[in-house]
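S.K.: This one is upload14.txt, compact mmCIF, C-alpha atoms.
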# COMPACT_ATOMS: atom_id res chain seq x y z
CA MET Z 1 93.86 77.35 103.64
CA LYS Z 2 92.22 77.19 100.21
CA THR Z 3 90.76 74.01 98.73
CA ILE Z 4 90.79 73.68 94.96
CA GLY Z 5 88.85 70.91 93.26
CA ILE Z 6 90.45 69.65 90.06
CA THR Z 7 88.15 67.62 87.86
CA GLY Z 8 87.54 66.60 84.29
CA PRO Z 9 87.49 63.40 82.29
CA THR Z 10 90.30 60.86 82.25
CA GLY Z 11 93.19 61.69 79.93
CA ALA Z 12 92.49 65.44 79.91
CA GLY Z 13 95.72 66.44 81.66
CA LYS Z 14 94.78 66.76 85.31
CA THR Z 15 98.14 65.26 86.35
CA THR Z 16 100.05 68.07 84.63
CA ALA Z 17 97.87 70.68 86.35
CA LEU Z 18 98.36 68.96 89.70
CA GLN Z 19 102.14 68.89 89.26
CA THR Z 20 101.95 72.65 88.83
CA LEU Z 21 99.96 72.96 92.06
CA ALA Z 22 102.38 70.70 93.94
CA ALA Z 23 105.28 72.93 92.86
CA MET Z 24 103.35 75.83 94.42
CA GLY Z 25 103.30 74.10 97.83
CA VAL Z 26 99.77 72.72 97.63
CA HIS Z 27 98.97 69.31 99.15
CA ILE Z 28 97.54 67.01 96.47
CA ILE Z 29 94.82 64.47 97.21
CA ASP Z 30 94.33 62.01 94.36
CA ALA Z 31 90.84 60.52 94.69
CA ASP Z 32 91.83 57.60 92.43
CA ALA Z 33 94.80 56.78 94.69
CA VAL Z 34 92.51 57.03 97.72
CA TYR Z 35 90.06 54.66 95.99
CA HIS Z 36 92.80 52.17 95.05
CA ASP Z 37 94.10 52.20 98.63
CA LEU Z 38 90.62 51.66 100.01
CA LEU Z 39 90.05 48.72 97.63
CA VAL Z 40 92.99 46.98 99.32
CA ARG Z 41 92.54 47.95 102.96
CA SER Z 42 88.84 48.70 103.51
CA ILE Z 43 86.99 45.48 104.30
CA PRO Z 44 83.60 47.26 104.42
CA LEU Z 45 84.14 48.64 100.90
CA GLN Z 46 85.26 45.24 99.60
CA GLU Z 47 82.21 43.55 101.11
CA ALA Z 48 79.85 46.16 99.62
CA LEU Z 49 81.35 45.74 96.13
CA ILE Z 50 81.23 41.93 96.26
CA ALA Z 51 77.63 42.04 97.50
CA ARG Z 52 76.63 44.20 94.51
CA PHE Z 53 78.83 42.86 91.69
CA GLY Z 54 79.57 39.28 92.75
CA ARG Z 55 82.75 37.29 93.30
CA GLY Z 56 83.68 37.56 89.63
CA ILE Z 57 85.38 40.88 90.43
CA LEU Z 58 87.96 39.06 92.58
CA ALA Z 59 91.39 37.78 91.60
CA GLY Z 60 93.55 36.11 94.21
CA GLY Z 61 91.12 37.13 96.93
CA GLN Z 62 91.42 40.86 96.07
CA ILE Z 63 89.22 43.21 94.07
CA ASP Z 64 90.48 43.17 90.46
CA ARG Z 65 89.97 46.69 89.11
CA LYS Z 66 90.00 45.60 85.47
CA ALA Z 67 87.39 42.89 86.16
CA LEU Z 68 85.27 45.44 88.00
CA GLY Z 69 85.73 47.88 85.11
CA GLN Z 70 84.55 45.26 82.62
CA VAL Z 71 81.35 44.91 84.66
CA VAL Z 72 80.55 48.61 85.07
CA PHE Z 73 81.81 50.44 81.96
CA GLY Z 74 79.08 50.37 79.36
CA ASP Z 75 76.37 49.64 81.95
CA PRO Z 76 75.10 52.99 83.31
CA ALA Z 77 73.15 51.37 86.18
CA ALA Z 78 76.17 49.34 87.34
CA LEU Z 79 78.44 52.40 87.08
CA ALA Z 80 75.95 54.45 89.10
CA ASP Z 81 75.90 51.73 91.77
CA LEU Z 82 79.72 51.62 91.87
CA ASN Z 83 79.88 55.39 92.32
CA LEU Z 84 77.21 55.33 95.03
CA ILE Z 85 79.03 52.61 96.97
CA THR Z 86 82.53 54.07 96.70
CA ARG Z 87 81.77 57.78 97.07
CA ARG Z 88 81.09 57.75 100.81
CA PHE Z 89 84.30 55.86 101.56
CA ILE Z 90 86.40 58.11 99.33
CA SER Z 91 84.82 61.32 100.67
CA GLY Z 92 85.58 60.33 104.25
CA ALA Z 93 89.24 59.62 103.46
CA ILE Z 94 89.58 62.93 101.58
CA ARG Z 95 88.14 64.88 104.51
CA GLU Z 96 90.71 63.24 106.82
CA GLN Z 97 93.59 64.19 104.51
CA THR Z 98 92.30 67.78 104.15
CA GLN Z 99 92.15 68.20 107.93
CA ALA Z 100 95.70 66.84 108.28
CA ALA Z 101 96.99 69.28 105.62
CA ALA Z 102 95.33 72.21 107.41
CA GLN Z 103 96.88 71.17 110.72
CA ALA Z 104 100.29 70.93 109.00
CA GLY Z 105 99.94 74.53 107.77
CA ARG Z 106 99.87 73.76 104.05
CA ARG Z 107 99.17 76.62 101.62
CA GLY Z 108 96.24 74.77 100.13
CA VAL Z 109 94.77 71.43 99.16
CA ALA Z 110 93.94 70.28 95.65
CA ILE Z 111 91.47 67.43 95.33
CA ASP Z 112 91.86 65.53 92.06
CA ALA Z 113 88.58 63.74 91.34
CA ILE Z 114 86.72 62.88 88.15
CA GLY Z 115 83.50 62.69 90.22
CA LEU Z 116 84.19 65.83 92.27
CA ILE Z 117 80.93 67.57 91.37
CA GLU Z 118 78.81 64.48 92.01
CA SER Z 119 80.57 63.78 95.33
CA GLY Z 120 79.37 66.98 96.95
CA LEU Z 121 82.82 67.72 98.39
CA ALA Z 122 83.03 71.41 99.27
CA CYS Z 123 85.86 73.35 97.62
CA ASP Z 124 86.71 77.05 97.50
CA ALA Z 125 87.07 76.77 93.71
CA THR Z 126 86.51 74.08 91.10
CA VAL Z 127 88.63 73.83 87.96
CA ALA Z 128 87.81 71.55 85.02
CA ILE Z 129 90.68 70.31 82.85
CA LEU Z 130 89.29 69.44 79.41
CA ALA Z 131 90.68 67.91 76.21
CA PRO Z 132 89.11 66.51 73.02
CA LYS Z 133 87.76 62.95 73.25
CA GLU Z 134 90.15 61.42 70.69
CA VAL Z 135 93.16 63.01 72.42
CA ARG Z 136 92.01 61.54 75.73
CA ILE Z 137 91.54 58.07 74.26
CA CYS Z 138 95.09 58.08 72.88
CA ARG Z 139 96.51 59.35 76.16
CA ILE Z 140 94.89 56.69 78.34
CA MET Z 141 95.76 53.90 75.90
CA ALA Z 142 99.43 54.94 76.09
CA ARG Z 143 99.36 55.55 79.84
CA GLU Z 144 97.62 52.34 80.88
CA GLY Z 145 98.42 49.94 78.06
CA ILE Z 146 94.77 49.21 77.35
CA SER Z 147 92.97 48.54 74.08
CA GLU Z 148 91.27 51.29 72.11
CA ASP Z 149 87.89 49.63 72.68
CA TYR Z 150 88.34 49.60 76.47
CA ALA Z 151 89.70 53.17 76.46
CA ARG Z 152 86.77 54.34 74.36
CA ARG Z 153 84.25 52.68 76.70
CA ARG Z 154 85.88 54.39 79.69
CA VAL Z 155 85.73 57.77 77.96
CA GLU Z 156 82.11 57.26 76.86
CA ALA Z 157 81.10 56.34 80.43
CA GLN Z 158 82.15 59.76 81.72
CA GLN Z 159 80.34 63.06 81.82
CA PRO Z 160 80.45 65.23 78.67
CA ASP Z 161 82.51 68.44 78.61
CA SER Z 162 79.30 70.48 78.92
CA PHE Z 163 78.73 69.01 82.38
CA TYR Z 164 82.09 70.30 83.61
CA ARG Z 165 81.63 73.68 81.93
CA THR Z 166 78.27 74.09 83.66
CA HIS Z 167 79.37 73.02 87.15
CA CYS Z 168 82.93 74.36 87.47
CA GLY Z 169 83.92 77.93 88.15
CA TYR Z 170 87.00 77.69 85.91
CA VAL Z 171 88.05 75.70 82.83
CA LEU Z 172 91.57 74.96 81.55
CA GLU Z 173 91.69 73.62 77.99
CA ASN Z 174 94.48 71.10 77.27
CA ASN Z 175 94.01 70.10 73.66
CA GLY Z 176 97.56 68.85 73.11
CA THR Z 177 98.39 71.35 70.35
CA GLU Z 178 100.50 73.67 72.52
CA PRO Z 179 103.77 72.84 74.30
CA ILE Z 180 103.20 71.42 77.78
CA GLU Z 181 105.08 74.40 79.25
CA ALA Z 182 102.46 76.78 77.85
CA PHE Z 183 99.65 74.78 79.49
CA GLN Z 184 101.62 74.75 82.78
CA GLN Z 185 102.07 78.53 82.63
CA ARG Z 186 98.36 79.08 82.08
CA ALA Z 187 97.58 76.69 84.92
CA ALA Z 188 100.07 78.37 87.29
CA ALA Z 189 98.58 81.81 86.59
CA LEU Z 190 95.07 80.59 87.38
CA PHE Z 191 96.13 78.70 90.51
CA ALA Z 192 98.09 81.71 91.86
CA GLN Z 193 94.90 83.74 91.56
CA LEU Z 194 92.81 81.07 93.31
CA LEU Z 195 95.25 80.61 96.20
CA THR Z 196 95.22 84.31 97.23
For the file at hand, write its structure as structure tokens.
M.R.:
Amino acid sequence: MKTIGITGPTGAGKTTALQTLAAMGVHIIDADAVYHDLLVRSIPLQEALIARFGRGILAGGQIDRKALGQVVFGDPAALADLNLITRRFISGAIREQTQAAAQAGRRGVAIDAIGLIESGLACDATVAILAPKEVRICRIMAREGISEDYARRRVEAQQPDSFYRTHCGYVLENNGTEPIEAFQQRAAALFAQLLT
């Protein structure tokens, strides 16, 4: 079973690429979804975040992701601490899902993670999905209903395109100027090659 790491900054089009992989019979692991689930059910993760960032990140007794985001985006040290705390929990959950997919006989596993490179998760291939900064800002504003200022801070807090180009074996450009079907076809051709 092949493991493909899908990474790149938020709003670049990873979801479209992952939909293509899912249609090819690949099990998708969304690191963000894993993280959101862990925020709700993992008491050790909750305790570690409260210890570092304080009770101001809580709303109704739960971790409030937007409040946490307000604390860490724009503060490189706080963001680094958040990543350090969460990475070990997320990596463990991803390894469990990968093992379950292998036991179920899946064709492959795709791990969708912005911080894939930094996490140290081993993959057979890594693919970066990239798009221009302004395109990404517009996409995440529309997708999440957030302000341009907040969207811009999120984008600025992420690695530059050069980081992904340096650390990934493959790059898929998704600049928004071509029909989505053309991007999907290019993605499918690359993924078919990587799954053989």
S.K.: State, in Å with one decimal place, the distance from CA of Asp37 in chain Z to CA of Ala125 in chain Z.
M.R.: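 CA of Ala125 in chain Z lies at a distance of 26.0 Å from CA of Asp37 in chain Z.
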S.K.: Contacts of range 166-174 of chain Z at 8 Å or less, counting all atoms listed in the file, minus same-chain residues fewer than 4 places along, as JSON, numbers by chain?
M.R.: {"Z": [12, 13, 117, 125, 126, 127, 128, 129, 130, 131, 162, 183, 186, 187]}
S.K.: Work out how far apart CA of Ile28 in chain Z and CA of Lys133 in chain Z are and give it in Å to one decimal.
M.R.: 25.5 Å
S.K.: Measure the distance from CA of Thr7 in chain Z to CA of Ile114 in chain Z in Å and round it to one decimal.
M.R.: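 Answer for the CA of Thr7 in chain Z to CA of Ile114 in chain Z separation: 5.0 Å.
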S.K.: List the neighbours of Ser119 in chain Z out to 12 Å using all atoms listed in the file; skip same-chain residues closer than 3 positions along the sequence, and give me the result as a ChimeraX atom specification.
M.R.: /Z:5,7,31,83-92,94-95,111-116,122-123
S.K.: Might you pull out every residue within 8 Å of Gln158 in chain Z, with only C-alpha atoms counted and same-chain residues fewer than 3 positions away left off, and present them as an mmCIF file with C-alpha atoms, keeping the file's coordinate frame?
M.R.:
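File written: around.cif
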data_model
loop_
_atom_site.group_PDB
_atom_site.id
_atom_site.type_symbol
_atom_site.label_atom_id
_atom_site.label_comp_id
_atom_site.auth_asym_id
_atom_site.auth_seq_id
_atom_site.Cartn_x
_atom_site.Cartn_y
_atom_site.Cartn_z
ATOM 1 C CA PRO Z 9 87.490 63.400 82.290
ATOM 2 C CA ARG Z 154 85.880 54.390 79.690
ATOM 3 C CA VAL Z 155 85.730 57.770 77.960
#
S.K.: Looking at Z:Lys2, Z:Gly11, Z:Thr98, Z:Leu121, which one is nearest to Ala142 in chain Z, with distances taken over all atoms listed in the file?
M.R.: Z:Gly11
S.K.: For Gln159 in chain Z, which residue out of Z:Gly120, Z:Glu96, Z:Arg139, Z:Pro76 is the nearest one, using all atoms listed in the file?
M.R.: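 Among the listed residues, the smallest separation from Gln159 in chain Z belongs to Z:Pro76.
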